[in-house]
$ cat upload.pdb   # PDB, C-alpha atoms
MODEL        1
ATOM      1  CA  MET A   4      30.312  47.927 -74.322
ATOM      2  CA  ASP A   5      30.756  44.719 -72.294
ATOM      3  CA  SER A   6      27.977  42.342 -73.347
ATOM      4  CA  HIS A   7      28.563  39.854 -70.532
ATOM      5  CA  TRP A   8      26.077  41.397 -68.101
ATOM      6  CA  PRO A   9      22.292  41.030 -67.912
ATOM      7  CA  THR A  10      19.910  43.920 -68.421
ATOM      8  CA  ILE A  11      19.319  45.552 -65.037
ATOM      9  CA  GLU A  12      16.082  47.241 -63.990
ATOM     10  CA  TYR A  13      16.601  49.243 -60.820
ATOM     11  CA  ARG A  14      13.688  50.270 -58.600
ATOM     12  CA  ASP A  15      14.315  52.802 -55.831
ATOM     13  CA  GLU A  16      12.507  51.919 -52.581
ATOM     14  CA  THR A  17      13.752  54.773 -50.376
ATOM     15  CA  MET A  18      10.287  56.229 -49.796
ATOM     16  CA  ARG A  19       8.699  52.894 -48.900
ATOM     17  CA  GLU A  20      11.217  50.307 -47.705
ATOM     18  CA  GLY A  21      13.499  53.058 -46.477
ATOM     19  CA  MET A  22      10.866  54.985 -44.540
ATOM     20  CA  GLN A  23       8.953  52.090 -43.001
ATOM     21  CA  ILE A  24      11.626  51.323 -40.417
ATOM     22  CA  GLU A  25      12.448  54.969 -39.694
ATOM     23  CA  SER A  26      10.651  57.228 -37.228
ATOM     24  CA  ALA A  27       7.036  58.093 -37.983
ATOM     25  CA  ASP A  28       7.944  61.630 -36.840
ATOM     26  CA  ILE A  29       9.829  62.403 -40.063
ATOM     27  CA  SER A  30       7.885  65.378 -41.379
ATOM     28  CA  VAL A  31       5.964  65.667 -44.635
ATOM     29  CA  ASP A  32       8.257  68.577 -45.546
ATOM     30  CA  ASP A  33      11.322  66.347 -45.218
ATOM     31  CA  LYS A  34       9.700  63.542 -47.178
ATOM     32  CA  VAL A  35       8.730  65.910 -49.986
ATOM     33  CA  ARG A  36      12.284  67.279 -50.167
ATOM     34  CA  LEU A  37      13.674  63.753 -50.270
ATOM     35  CA  LEU A  38      11.269  62.594 -52.983
ATOM     36  CA  ASP A  39      12.045  65.703 -55.051
ATOM     37  CA  ALA A  40      15.781  65.082 -54.621
ATOM     38  CA  LEU A  41      15.342  61.470 -55.751
ATOM     39  CA  GLY A  42      13.572  62.805 -58.830
ATOM     40  CA  GLU A  43      16.702  64.766 -59.769
ATOM     41  CA  THR A  44      19.007  61.736 -59.732
ATOM     42  CA  GLY A  45      17.981  60.180 -63.033
ATOM     43  CA  LEU A  46      16.545  57.066 -61.395
ATOM     44  CA  PRO A  47      14.133  55.462 -63.871
ATOM     45  CA  ARG A  48      11.623  54.121 -61.339
ATOM     46  CA  ILE A  49      10.732  55.309 -57.834
ATOM     47  CA  VAL A  50       8.324  53.698 -55.378
ATOM     48  CA  VAL A  51       6.741  56.636 -53.530
ATOM     49  CA  GLY A  52       5.416  54.633 -50.571
ATOM     50  CA  SER A  53       2.611  52.259 -49.705
ATOM     51  CA  PHE A  54      -1.121  52.813 -49.380
ATOM     52  CA  VAL A  55      -1.533  50.708 -46.248
ATOM     53  CA  SER A  56      -3.172  51.107 -42.879
ATOM     54  CA  PRO A  57      -1.472  53.836 -40.792
ATOM     55  CA  ARG A  58      -2.486  51.867 -37.731
ATOM     56  CA  TYR A  59       0.200  49.300 -38.448
ATOM     57  CA  THR A  60       2.553  51.317 -40.659
ATOM     58  CA  PRO A  61       2.385  54.864 -39.258
ATOM     59  CA  GLN A  62       5.261  56.006 -41.470
ATOM     60  CA  MET A  63       2.824  55.870 -44.416
ATOM     61  CA  ALA A  64       0.017  57.756 -42.657
ATOM     62  CA  ARG A  65       0.449  60.958 -44.702
ATOM     63  CA  ILE A  66       1.399  59.571 -48.091
ATOM     64  CA  GLU A  67      -1.401  61.543 -49.763
ATOM     65  CA  GLU A  68       0.072  64.822 -48.493
ATOM     66  CA  VAL A  69       3.490  63.891 -49.839
ATOM     67  CA  LEU A  70       2.051  63.133 -53.268
ATOM     68  CA  GLU A  71       0.019  66.336 -53.315
ATOM     69  CA  ARG A  72       3.116  68.438 -52.676
ATOM     70  CA  PHE A  73       6.060  66.820 -54.454
ATOM     71  CA  THR A  74       7.305  67.897 -57.890
ATOM     72  CA  PRO A  75       7.234  64.913 -60.280
ATOM     73  CA  ASN A  76       9.878  64.422 -62.926
ATOM     74  CA  PRO A  77       8.142  63.523 -66.220
ATOM     75  CA  ASN A  78      10.981  61.157 -67.120
ATOM     76  CA  ILE A  79      10.483  58.961 -64.052
ATOM     77  CA  ILE A  80       7.941  56.195 -63.474
ATOM     78  CA  TYR A  81       6.427  56.660 -60.003
ATOM     79  CA  THR A  82       4.708  53.650 -58.465
ATOM     80  CA  ALA A  83       3.397  52.613 -55.046
ATOM     81  CA  LEU A  84       2.718  49.446 -53.102
ATOM     82  CA  LEU A  85      -0.978  48.626 -53.524
ATOM     83  CA  VAL A  86      -2.238  45.672 -51.516
ATOM     84  CA  ASN A  87      -6.026  45.638 -51.853
ATOM     85  CA  ARG A  88      -9.010  47.356 -53.485
ATOM     86  CA  ARG A  89      -9.003  50.196 -50.958
ATOM     87  CA  SER A  90      -5.357  50.976 -51.670
ATOM     88  CA  TYR A  91      -6.085  51.082 -55.417
ATOM     89  CA  GLU A  92      -8.935  53.516 -54.796
ATOM     90  CA  ARG A  93      -6.687  55.807 -52.729
ATOM     91  CA  ALA A  94      -3.949  55.730 -55.356
ATOM     92  CA  GLN A  95      -6.254  56.581 -58.271
ATOM     93  CA  ARG A  96      -6.355  60.231 -57.161
ATOM     94  CA  PHE A  97      -2.695  60.585 -58.042
ATOM     95  CA  VAL A  98      -2.709  59.107 -61.556
ATOM     96  CA  PRO A  99      -0.791  60.756 -63.121
ATOM     97  CA  PRO A 100       2.001  61.228 -62.034
ATOM     98  CA  LEU A 101       1.522  57.889 -60.270
ATOM     99  CA  THR A 102       1.481  54.837 -62.515
ATOM    100  CA  ILE A 103      -0.664  51.893 -61.487
ATOM    101  CA  GLU A 104       0.922  48.915 -63.164
ATOM    102  CA  ASP A 105      -0.803  45.710 -64.173
ATOM    103  CA  ALA A 106       1.895  43.630 -62.549
ATOM    104  CA  ARG A 107       2.693  40.050 -63.471
ATOM    105  CA  PRO A 108       0.770  37.798 -61.010
ATOM    106  CA  PHE A 109       2.929  35.736 -58.679
ATOM    107  CA  LEU A 110       2.693  32.868 -56.231
ATOM    108  CA  ASN A 111       4.810  33.412 -53.140
ATOM    109  CA  ALA A 112       5.546  31.612 -49.884
ATOM    110  CA  HIS A 113       7.920  32.360 -47.021
ATOM    111  CA  LEU A 114      10.224  29.640 -45.767
ATOM    112  CA  CYS A 115       9.977  31.092 -42.246
ATOM    113  CA  ASP A 116       6.528  30.596 -40.770
ATOM    114  CA  VAL A 117       7.405  32.813 -37.787
ATOM    115  CA  PHE A 118       8.280  35.761 -40.019
ATOM    116  CA  THR A 119       5.142  35.604 -42.118
ATOM    117  CA  ARG A 120       2.970  35.404 -38.992
ATOM    118  CA  ARG A 121       4.679  38.433 -37.447
ATOM    119  CA  ASN A 122       4.726  40.519 -40.607
ATOM    120  CA  PHE A 123       1.475  39.526 -42.362
ATOM    121  CA  ASN A 124      -0.533  37.796 -39.632
ATOM    122  CA  ARG A 125      -0.805  34.633 -41.676
ATOM    123  CA  SER A 126       0.895  31.250 -41.675
ATOM    124  CA  GLN A 127       2.878  29.600 -44.424
ATOM    125  CA  GLU A 128      -0.006  27.195 -44.969
ATOM    126  CA  GLU A 129      -2.343  30.156 -45.374
ATOM    127  CA  GLU A 130       0.005  31.509 -48.035
ATOM    128  CA  PHE A 131      -0.274  28.234 -49.915
ATOM    129  CA  ALA A 132      -4.052  28.264 -49.459
ATOM    130  CA  SER A 133      -4.254  31.682 -51.150
ATOM    131  CA  TRP A 134      -2.701  30.417 -54.385
ATOM    132  CA  PRO A 135      -5.837  28.966 -56.088
ATOM    133  CA  ALA A 136      -7.676  32.302 -55.866
ATOM    134  CA  ILE A 137      -4.674  34.118 -57.369
ATOM    135  CA  VAL A 138      -4.540  31.662 -60.244
ATOM    136  CA  GLU A 139      -8.293  31.851 -60.880
ATOM    137  CA  ASP A 140      -8.123  35.639 -60.976
ATOM    138  CA  ALA A 141      -5.231  35.478 -63.437
ATOM    139  CA  LYS A 142      -7.140  33.072 -65.665
ATOM    140  CA  SER A 143     -10.244  35.253 -65.604
ATOM    141  CA  ARG A 144      -8.171  38.246 -66.760
ATOM    142  CA  GLY A 145      -6.480  36.292 -69.534
ATOM    143  CA  VAL A 146      -3.000  36.755 -68.062
ATOM    144  CA  ALA A 147      -0.299  35.535 -70.437
ATOM    145  CA  GLU A 148       2.606  35.006 -68.010
ATOM    146  CA  ALA A 149       3.304  34.614 -64.306
ATOM    147  CA  GLU A 150       6.003  34.672 -61.644
ATOM    148  CA  ILE A 151       7.055  32.302 -58.865
ATOM    149  CA  ARG A 152       8.626  33.552 -55.640
ATOM    150  CA  VAL A 153      10.221  32.336 -52.452
ATOM    151  CA  ALA A 154      10.685  34.703 -49.510
ATOM    152  CA  ALA A 155      12.854  34.647 -46.389
ATOM    153  CA  ALA A 156      14.837  32.604 -48.850
ATOM    154  CA  TRP A 157      18.291  32.095 -47.378
ATOM    155  CA  GLY A 158      17.575  32.200 -43.690
ATOM    156  CA  SER A 159      15.631  33.458 -40.713
ATOM    157  CA  ASN A 160      16.614  35.333 -37.553
ATOM    158  CA  PHE A 161      14.179  33.030 -35.753
ATOM    159  CA  VAL A 162      14.953  29.535 -37.056
ATOM    160  CA  GLY A 163      18.277  29.751 -38.920
ATOM    161  CA  GLU A 164      19.523  28.967 -42.406
ATOM    162  CA  PHE A 165      17.500  27.409 -45.212
ATOM    163  CA  SER A 166      18.839  25.064 -47.884
ATOM    164  CA  LEU A 167      18.812  25.168 -51.659
ATOM    165  CA  ASP A 168      16.458  22.170 -51.644
ATOM    166  CA  GLN A 169      13.975  24.050 -49.454
ATOM    167  CA  ARG A 170      13.991  27.048 -51.779
ATOM    168  CA  MET A 171      13.648  24.945 -54.884
ATOM    169  CA  ASP A 172      10.774  22.991 -53.318
ATOM    170  CA  ILE A 173       8.733  26.196 -52.907
ATOM    171  CA  LEU A 174       9.540  27.356 -56.432
ATOM    172  CA  GLU A 175       8.765  23.941 -57.905
ATOM    173  CA  ARG A 176       5.443  23.820 -56.098
ATOM    174  CA  ALA A 177       4.463  27.261 -57.411
ATOM    175  CA  HIS A 178       5.626  26.444 -60.939
ATOM    176  CA  THR A 179       3.483  23.304 -60.975
ATOM    177  CA  VAL A 180       0.377  25.281 -60.028
ATOM    178  CA  TRP A 181       0.891  27.772 -62.862
ATOM    179  CA  HIS A 182       1.709  24.965 -65.300
ATOM    180  CA  GLU A 183      -1.525  23.151 -64.452
ATOM    181  CA  ALA A 184      -3.372  26.410 -65.140
ATOM    182  CA  SER A 185      -1.661  26.647 -68.573
ATOM    183  CA  ILE A 186      -0.046  29.980 -67.667
ATOM    184  CA  PRO A 187       3.684  30.033 -68.464
ATOM    185  CA  VAL A 188       6.149  31.125 -65.792
ATOM    186  CA  THR A 189       8.550  33.739 -67.137
ATOM    187  CA  SER A 190       9.945  35.236 -63.934
ATOM    188  CA  VAL A 191      11.411  34.160 -60.579
ATOM    189  CA  GLY A 192      11.498  36.328 -57.455
ATOM    190  CA  ILE A 193      13.737  35.707 -54.456
ATOM    191  CA  LEU A 194      13.245  37.867 -51.363
ATOM    192  CA  ASP A 195      15.554  38.155 -48.366
ATOM    193  CA  PRO A 196      13.861  40.345 -45.699
ATOM    194  CA  MET A 197      16.143  39.166 -42.878
ATOM    195  CA  ALA A 198      19.475  39.672 -44.666
ATOM    196  CA  TRP A 199      20.765  36.107 -44.861
ATOM    197  CA  CYS A 200      22.036  36.415 -48.436
ATOM    198  CA  LEU A 201      25.636  35.415 -49.161
ATOM    199  CA  PRO A 202      27.239  35.772 -52.610
ATOM    200  CA  HIS A 203      28.010  32.094 -53.147
ATOM    201  CA  ARG A 204      24.533  31.042 -51.954
ATOM    202  CA  VAL A 205      22.825  33.565 -54.215
ATOM    203  CA  GLU A 206      24.884  32.500 -57.214
ATOM    204  CA  GLU A 207      24.150  28.847 -56.439
ATOM    205  CA  GLN A 208      20.428  29.628 -56.348
ATOM    206  CA  LEU A 209      20.372  31.478 -59.655
ATOM    207  CA  ILE A 210      22.328  28.728 -61.393
ATOM    208  CA  ALA A 211      19.915  26.112 -60.026
ATOM    209  CA  VAL A 212      16.901  28.033 -61.331
ATOM    210  CA  LYS A 213      18.453  28.482 -64.773
ATOM    211  CA  GLU A 214      19.299  24.790 -64.978
ATOM    212  CA  ARG A 215      15.808  23.733 -63.889
ATOM    213  CA  TRP A 216      13.871  26.238 -66.054
ATOM    214  CA  PRO A 217      16.154  27.479 -68.844
ATOM    215  CA  HIS A 218      13.299  29.394 -70.477
ATOM    216  CA  ILE A 219      13.017  31.815 -67.527
ATOM    217  CA  ARG A 220      14.875  35.045 -68.292
ATOM    218  CA  ARG A 221      13.593  37.501 -65.677
ATOM    219  CA  PHE A 222      14.875  37.473 -62.096
ATOM    220  CA  TYR A 223      13.688  39.718 -59.269
ATOM    221  CA  LEU A 224      15.844  40.100 -56.137
ATOM    222  CA  HIS A 225      14.923  41.950 -52.952
ATOM    223  CA  LEU A 226      18.011  41.819 -50.733
ATOM    224  CA  HIS A 227      18.474  43.321 -47.275
ATOM    225  CA  ASN A 228      21.852  44.462 -46.068
ATOM    226  CA  ALA A 229      21.897  44.041 -42.270
ATOM    227  CA  ARG A 230      24.964  41.791 -42.584
ATOM    228  CA  GLY A 231      26.595  43.839 -45.348
ATOM    229  CA  MET A 232      26.134  41.163 -48.006
ATOM    230  CA  SER A 233      23.502  42.648 -50.335
ATOM    231  CA  LEU A 234      25.951  44.352 -52.708
ATOM    232  CA  PRO A 235      28.294  41.390 -53.181
ATOM    233  CA  SER A 236      25.231  39.171 -53.521
ATOM    234  CA  ALA A 237      23.810  41.429 -56.233
ATOM    235  CA  TYR A 238      27.149  41.271 -58.016
ATOM    236  CA  ALA A 239      27.158  37.482 -57.724
ATOM    237  CA  THR A 240      23.707  37.467 -59.310
ATOM    238  CA  MET A 241      24.965  39.547 -62.213
ATOM    239  CA  ARG A 242      27.814  37.065 -62.715
ATOM    240  CA  ALA A 243      25.425  34.117 -62.766
ATOM    241  CA  LEU A 244      23.129  35.655 -65.402
ATOM    242  CA  THR A 245      23.673  36.223 -69.125
ATOM    243  CA  PRO A 246      22.999  39.055 -71.596
ATOM    244  CA  ASP A 247      19.669  37.402 -72.448
ATOM    245  CA  ASP A 248      18.494  37.779 -68.842
ATOM    246  CA  THR A 249      16.878  40.700 -67.004
ATOM    247  CA  LEU A 250      17.673  41.374 -63.353
ATOM    248  CA  VAL A 251      15.247  43.498 -61.325
ATOM    249  CA  LEU A 252      16.834  44.967 -58.194
ATOM    250  CA  ASP A 253      15.381  46.985 -55.326
ATOM    251  CA  GLY A 254      17.497  49.483 -53.400
ATOM    252  CA  THR A 255      17.467  52.577 -51.227
ATOM    253  CA  VAL A 256      19.574  55.717 -50.925
ATOM    254  CA  GLY A 257      22.260  55.199 -48.304
ATOM    255  CA  GLY A 258      21.006  51.696 -47.589
ATOM    256  CA  ILE A 259      18.252  52.813 -45.203
ATOM    257  CA  GLY A 260      15.277  50.573 -44.625
ATOM    258  CA  GLY A 261      14.281  47.146 -43.478
ATOM    259  CA  CYS A 262      11.381  45.235 -42.004
ATOM    260  CA  PRO A 263      10.130  46.827 -38.761
ATOM    261  CA  ARG A 264       8.989  43.503 -37.298
ATOM    262  CA  VAL A 265      12.197  41.518 -37.672
ATOM    263  CA  ARG A 266      14.289  40.670 -34.626
ATOM    264  CA  PRO A 267      17.738  42.178 -35.321
ATOM    265  CA  PRO A 268      20.542  39.726 -36.195
ATOM    266  CA  ARG A 269      22.530  41.008 -33.214
ATOM    267  CA  LEU A 270      21.980  43.641 -30.560
ATOM    268  CA  GLY A 271      22.194  47.199 -31.827
ATOM    269  CA  GLU A 272      22.070  46.384 -35.541
ATOM    270  CA  SER A 273      19.152  47.428 -37.703
ATOM    271  CA  ALA A 274      18.205  46.152 -41.142
ATOM    272  CA  ALA A 275      19.036  48.106 -44.290
ATOM    273  CA  GLY A 276      18.315  47.753 -47.987
ATOM    274  CA  SER A 277      20.855  47.516 -50.789
ATOM    275  CA  ARG A 278      22.863  50.620 -51.745
ATOM    276  CA  PRO A 279      22.329  51.678 -55.363
ATOM    277  CA  ARG A 280      25.174  54.220 -55.423
ATOM    278  CA  SER A 281      27.720  51.424 -55.175
ATOM    279  CA  LEU A 282      25.994  49.659 -58.059
ATOM    280  CA  GLY A 283      26.381  52.706 -60.248
ATOM    281  CA  GLY A 284      22.703  53.549 -59.917
ATOM    282  CA  GLY A 285      23.377  57.287 -59.757
ATOM    283  CA  ALA A 286      21.432  58.119 -56.603
ATOM    284  CA  GLY A 287      22.863  61.620 -56.337
ATOM    285  CA  ARG A 288      24.405  63.520 -53.480
ATOM    286  CA  GLY A 289      21.345  65.720 -53.047
ATOM    287  CA  ALA A 290      19.047  62.771 -52.347
ATOM    288  CA  PHE A 291      21.585  61.189 -50.025
ATOM    289  CA  ALA A 292      21.967  64.448 -48.106
ATOM    290  CA  GLU A 293      18.196  64.880 -47.796
ATOM    291  CA  ALA A 294      17.872  61.327 -46.445
ATOM    292  CA  ARG A 295      20.496  62.041 -43.797
ATOM    293  CA  ARG A 296      18.866  65.322 -42.812
ATOM    294  CA  ALA A 297      15.416  63.754 -42.525
ATOM    295  CA  HIS A 298      16.837  60.995 -40.375
ATOM    296  CA  SER A 299      18.729  63.370 -38.080
ATOM    297  CA  ARG A 300      15.685  65.575 -37.452
ATOM    298  CA  ALA A 301      13.430  62.704 -36.422
ATOM    299  CA  LYS A 302      13.180  60.946 -33.092
ATOM    300  CA  PRO A 303      14.913  57.547 -32.997
ATOM    301  CA  PRO A 304      12.519  54.724 -33.914
ATOM    302  CA  GLU A 305      11.450  52.236 -31.292
ATOM    303  CA  PRO A 306      13.642  49.106 -31.264
ATOM    304  CA  PRO A 307      12.156  46.031 -32.932
ATOM    305  CA  THR A 308      10.086  43.760 -30.723
ATOM    306  CA  PRO A 309      12.189  40.737 -29.736
ATOM    307  CA  GLY A 310      11.135  37.497 -31.320
ATOM    308  CA  PRO A 311       9.836  34.532 -29.354
ATOM    309  CA  PRO A 312      12.519  32.609 -27.421
ATOM    310  CA  GLU A 313      11.495  29.407 -29.152
ATOM    311  CA  ALA A 314       9.996  29.356 -32.618
ATOM    312  CA  PRO A 315       8.226  26.555 -34.468
ATOM    313  CA  ARG A 316       9.940  24.940 -37.423
ATOM    314  CA  PRO A 317       9.312  26.411 -40.912
ATOM    315  CA  GLY A 318       5.903  25.305 -42.095
ATOM    316  CA  SER A 319       4.699  24.442 -38.605
ATOM    317  CA  SER A 320       1.070  25.241 -37.849
ATOM    318  CA  SER A 321       1.837  25.922 -34.192
ATOM    319  CA  GLU A 322      -0.135  28.785 -32.690
ATOM    320  CA  SER A 323       1.997  28.975 -29.529
ATOM    321  CA  HIS A 324       3.214  32.504 -30.296
ATOM    322  CA  ARG A 325       1.116  35.665 -30.567
ATOM    323  CA  ARG A 326      -0.314  36.657 -33.943
ATOM    324  CA  ALA A 327       1.099  40.044 -34.851
ATOM    325  CA  PRO A 328      -0.880  42.962 -36.287
ATOM    326  CA  ARG A 329      -1.351  42.724 -40.001
ATOM    327  CA  GLU A 330       0.755  45.309 -41.847
ATOM    328  CA  LEU A 331      -0.929  45.198 -45.220
ATOM    329  CA  LEU A 332      -4.527  46.192 -44.476
TER     330      LEU A 332
ENDMDL
END

$ encode --input "upload.pdb" --output "structure tokens"
Amino acid sequence: MDSHWPTIEYRDETMREGMQIESADISVDDKVRLLDALGETGLPRIVVGSFVSPRYTPQMARIEEVLERFTPNPNIIYTALLVNRRSYERAQRFVPPLTIEDARPFLNAHLCDVFTRRNFNRSQEEEFASWPAIVEDAKSRGVAEAEIRVAAAWGSNFVGEFSLDQRMDILERAHTVWHEASIPVTSVGILDPMAWCLPHRVEEQLIAVKERWPHIRRFYLHLHNARGMSLPSAYATMRALTPDDTLVLDGTVGGIGGCPRVRPPRLGESAAGSRPRSLGGGAGRGAFAEARRAHSRAKPPEPPTPGPPEAPRPGSSSESHRRAPRELL
């Protein structure tokens, strides 16, 4: 067996990331069939959806019905996106088969202030302001390790490309906060919700992180595929890492998915997540066929709302554009 590659942990996001940009009219029956088909593929970990407000994410409005009716595979870890105390309370009903994980705490900031306002109804500065409470909570729970993240990492459909220095500045800032709290950083997350990843840029980023913090061995990538670059970028990541490293990748069957509040990179193109089948993830034909059938039976989703004609610079505190509804409530 070739020992050059890192250990890869694959997490299937078809039911969450995949569904959230599709029509809310996709039926519970279709979602149950798709989740059951995913359970027959051999995928080790499946995210079943998100317990969020149906007011802002109507595709998740009937997640409880899906979980009541699907047939779990005992060999699969089923998880969900849980964003607050209410979401934890809703999810508890379904444990097991749902697993509520005590995830590694992380500090995260988006390089694009416009994106974070539209998607989370908060500014970049508000993201930074939330960090002390996250750290205090981690300290109170005796957390032994933490993660640093940068999101909208390589570029924005609103303000353009970001540099390696900008990404490293966010990561350095987060690392310093954890270091001052005496909690070691053991993981780095890099998120690309607007599909600006390019293989050479991704490889450059991973090399820079490894040179700056050689003790970090876990890397989490969330890559979108609207420009067709998520797969080559994932491969570039694998090349940059070593057998001592672990790479955590998100993906969806057939590459469906994306952020519903992102202005498309060009007219008529919609965002899509990475495709696990091309990575050898084994997302079987049955699941792929069910995804296509569910999509074909639903009404087309509404096109994304166009972004503002002029956007403030990353990190700007300008309030000149409308604050969008908060997704994660």

$ resolve_selection --input "upload.pdb" --expression "the PyMOL selection byres ((chain A and resi 165) around 12)" --output "VMD selection string"
chain A and resid 113 to 115 153 to 164 166 to 173 195 199 to 200 204 208 316 to 317

$ resolve_selection --input "upload.pdb" --expression "the PyMOL selection byres ((chain A and resi 77-87) around 8)" --output "list in words"
Gly42, Gly45, Leu46, Pro47, Arg48, Ile49, Val50, Val51, Gly52, Ser53, Phe54, Val55, Pro75, Asn76, Arg88, Arg89, Ser90, Tyr91, Ala94, Pro100, Leu101, Thr102, Ile103, Glu104, Leu331 and Leu332 of chain A

$ residues_around --input "upload.pdb" --residues "A:Ala239" --least-positions-apart "6" --cutoff "10 Å" --atoms "all atoms listed in the file" --output "list in words"
Leu201, Pro202, His203, Arg204, Val205, Glu206, Glu207, Leu209 and Ser233 of chain A

$ closest_residue --input "upload.pdb" --among "A:Ala237, A:Val180, A:Ala147, A:Ile259" --to "A:Ser133" --atoms "all atoms listed in the file"
A:Val180

$ atom_distance --input "upload.pdb" --atom1 "atom CA of A:Thr74" --atom2 "atom CA of A:Leu41"
10.5 Å

$ resolve_selection --input "upload.pdb" --expression "the PyMOL selection byres ((chain A and resi 71) around 12)" --output "list in words"
Val31, Asp32, Lys34, Val35, Leu38, Val51, Arg65, Ile66, Glu67, Glu68, Val69, Leu70, Arg72, Phe73, Thr74, Pro75, Ala94, Arg96, Phe97, Val98, Pro99, Pro100 and Leu101 of chain A

$ closest_residue --input "upload.pdb" --among "A:Asp253, A:Asp39, A:Glu150, A:Glu130" --to "A:Leu224" --atoms "all atoms listed in the file"
A:Asp253

$ residues_near_point --input "upload.pdb" --point "(-6.7, 30.1, -60.4)" --cutoff "12 Å" --atoms "only C-alpha atoms" --output "JSON, numbers by chain"
{"A": [108, 109, 110, 132, 133, 134, 135, 136, 137, 138, 139, 140, 141, 142, 143, 144, 145, 146, 149, 177, 180, 181, 182, 183, 184, 185, 186]}

$ closest_residue --input "upload.pdb" --among "A:Ala112, A:Arg36, A:Pro217, A:Gly257" --to "A:Gly192" --atoms "only C-alpha atoms"
A:Ala112

$ atom_distance --input "upload.pdb" --atom1 "atom CA of A:Phe123" --atom2 "atom CA of A:Gln62"
16.9 Å

$ atom_distance --input "upload.pdb" --atom1 "atom CA of A:Lys213" --atom2 "atom CA of A:Glu20"
28.6 Å
